[in-house]
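> Before I ask anything, here is the structure I am working with.
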Amino acid sequence: MVDTVREGGCGCGHVRYRVVGEPIFVNNCHCRLCQQQTGSTSVVNAFFEGERITLLQGELKDHAVTAGSGGRHLICRCAKCGSALWSIYPRLGRLGAGVRVGTLDDPGAFRPDAVIFTESKMPWVTLPEGIPAFETVYNQFELLPPERVARLEALIERRKAGEG
Ligand SMILES: [Zn+2]
Ligand SMILES: [Zn+2]
């Protein structure tokens, strides 16, 4: 099977990127920090191996912020308009990145595997049917199908070996 190639970009057109294949996991996060960083209800992040993401044009600027889980993470934004394209987390360093699904040319391409941090969701937001929802975080090793757990474990091993 040939991997699907998808493209996306920032709000001003300066940054364009390509992502190959399906994500390891997709989270719809309603934590307070995602709300503050976007001014919106929540964020949808699709997590991929770094090799699957290619910056096609434009320049990114990294912003260090705190994640809902408490750790530091980097938000990579368009250097011109500030749109957030993806995030990099300490667990995997640059071996992986969570792409902001709203920046894809087809933002409906990926359905969340989980809705997280529902404890801080805005009270009028209705949770989607058929997608597991969690008050804070969840155990990805229990929720994801084995082939995607294997991809995640491979990245964790590489990180342990000093990559990223
Ligand atoms: Zn831009
Ligand atoms: Zn969040």
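So you can find residues: chains in the structure tokens are A, B, ... in the order shown, residues in each start at 1, and ligands are numbered from 1 in order.
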Residues at most 9 Å from ligand 1, using only C-alpha atoms and all ligand atoms? Could they come as a list of chain:residue names?
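Those residues are A:Gly9, A:Cys10, A:Gly11, A:Cys12, A:Gly13, A:His14, A:Val15, A:Arg16, A:Gly58, A:Glu59, A:Leu60, A:Arg77, A:Cys78, A:Ala79, A:Lys80, A:Cys81, A:Gly82, A:Ser83, A:Ala84.
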> Enumerate, as a PyMOL selection string, the complete set of residues in segment 41-98 of chain A that a backbone-based DSSP assignment places in helix (DSSP H, G or I).
chain A and resi 50-52+93-95
> Rank nothing, just name the residue among A:Pro90, A:Pro123, A:Pro107, A:Gly70 nearest to His30 of chain A, using only C-alpha atoms.
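Counting only C-alpha atoms, the residue closest to His30 of chain A is A:Pro123.
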> Which residues sit within 6 Å of ligand 2, counting only C-alpha atoms and all ligand atoms, listed as a PyMOL selection string?
chain A and resi 29-31+33-34+68
> Could you write those residues out with C-alpha atoms, as a PDB file, in the first residue's frame?

```
ATOM      1  CA  CYS A  29      -6.901  18.291  23.721  1.00  0.00           C
ATOM      2  CA  HIS A  30      -9.120  20.556  25.818  1.00  0.00           C
ATOM      3  CA  CYS A  31      -6.451  21.485  28.398  1.00  0.00           C
ATOM      4  CA  LEU A  33      -2.906  25.637  27.974  1.00  0.00           C
ATOM      5  CA  CYS A  34      -4.151  24.570  24.535  1.00  0.00           C
ATOM      6  CA  GLY A  68      -1.027  20.194  29.691  1.00  0.00           C
TER       7      GLY A  68
END
```
> Tell me which protein, DNA and RNA residues are within 8 Å of Gly164 of chain A, counting only C-alpha atoms, leaving out same-chain ones fewer than 6 positions away, and put them as a PyMOL selection string.
chain A and resi 92-95+158
> So which residues touch Ile116 of chain A within 12 Å, counting only C-alpha atoms, skipping near sequence neighbours fewer than 2 positions away, as a PDB file with C-alpha atoms, in the first residue's frame?

```
ATOM      1  CA  VAL A  26      -4.450  11.883  17.148  1.00  0.00           C
ATOM      2  CA  ASN A  27      -5.516  13.758  20.285  1.00  0.00           C
ATOM      3  CA  ASN A  28      -8.194  16.391  20.683  1.00  0.00           C
ATOM      4  CA  CYS A  29      -6.901  18.291  23.721  1.00  0.00           C
ATOM      5  CA  HIS A  30      -9.120  20.556  25.818  1.00  0.00           C
ATOM      6  CA  CYS A  31      -6.451  21.485  28.398  1.00  0.00           C
ATOM      7  CA  ARG A  32      -6.279  25.095  29.594  1.00  0.00           C
ATOM      8  CA  CYS A  34      -4.151  24.570  24.535  1.00  0.00           C
ATOM      9  CA  SER A  42      -9.263  22.797  22.011  1.00  0.00           C
ATOM     10  CA  VAL A  43      -6.497  21.621  19.710  1.00  0.00           C
ATOM     11  CA  VAL A  44      -6.294  18.568  17.440  1.00  0.00           C
ATOM     12  CA  ASN A  45      -2.756  17.175  17.190  1.00  0.00           C
ATOM     13  CA  GLY A  68      -1.027  20.194  29.691  1.00  0.00           C
ATOM     14  CA  SER A  69       0.868  17.212  31.089  1.00  0.00           C
ATOM     15  CA  PRO A 112      -9.060  11.858  16.924  1.00  0.00           C
ATOM     16  CA  ASP A 113      -8.251   8.595  18.722  1.00  0.00           C
ATOM     17  CA  ALA A 114      -8.985  10.290  22.033  1.00  0.00           C
ATOM     18  CA  THR A 118     -12.202  17.015  29.275  1.00  0.00           C
ATOM     19  CA  GLU A 119     -11.974  18.272  32.881  1.00  0.00           C
ATOM     20  CA  SER A 120     -11.344  21.747  31.448  1.00  0.00           C
ATOM     21  CA  LYS A 121     -13.511  21.616  28.319  1.00  0.00           C
ATOM     22  CA  LEU A 127     -18.039  15.440  23.228  1.00  0.00           C
ATOM     23  CA  PRO A 128     -18.100  13.443  19.978  1.00  0.00           C
ATOM     24  CA  ILE A 131     -14.313   8.651  20.458  1.00  0.00           C
ATOM     25  CA  PRO A 132     -12.928   7.742  23.900  1.00  0.00           C
ATOM     26  CA  ALA A 133     -12.788  10.757  26.221  1.00  0.00           C
ATOM     27  CA  PHE A 134     -10.531  11.192  29.252  1.00  0.00           C
ATOM     28  CA  GLU A 135     -10.532  13.718  32.093  1.00  0.00           C
ATOM     29  CA  THR A 136      -6.778  14.220  31.682  1.00  0.00           C
ATOM     30  CA  VAL A 137      -4.379  11.870  29.853  1.00  0.00           C
ATOM     31  CA  TYR A 138      -4.684   8.187  28.845  1.00  0.00           C
ATOM     32  CA  ASN A 139      -2.485   5.165  28.317  1.00  0.00           C
ATOM     33  CA  GLN A 140      -1.650   5.052  24.630  1.00  0.00           C
TER      34      GLN A 140
END
```
> List the neighbours of Ala97 of chain A out to 12 Å using only C-alpha atoms; skip same-chain residues closer than 2 positions along the sequence, and give me the result as a ChimeraX atom specification.
/A:19,23-26,45-54,73-76,85-95,99-101,152,155,164
> As a list of chain:residue names, which residues of segment 80-146 of chain A does DSSP assign to strand (DSSP E)?
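Residues meeting the strand (DSSP E) criterion: A:Ala84, A:Leu85, A:Trp86, A:Ser87, A:Ile88, A:Gly96, A:Ala97, A:Gly98, A:Val99, A:Arg100, A:Ala114, A:Val115, A:Ile116.
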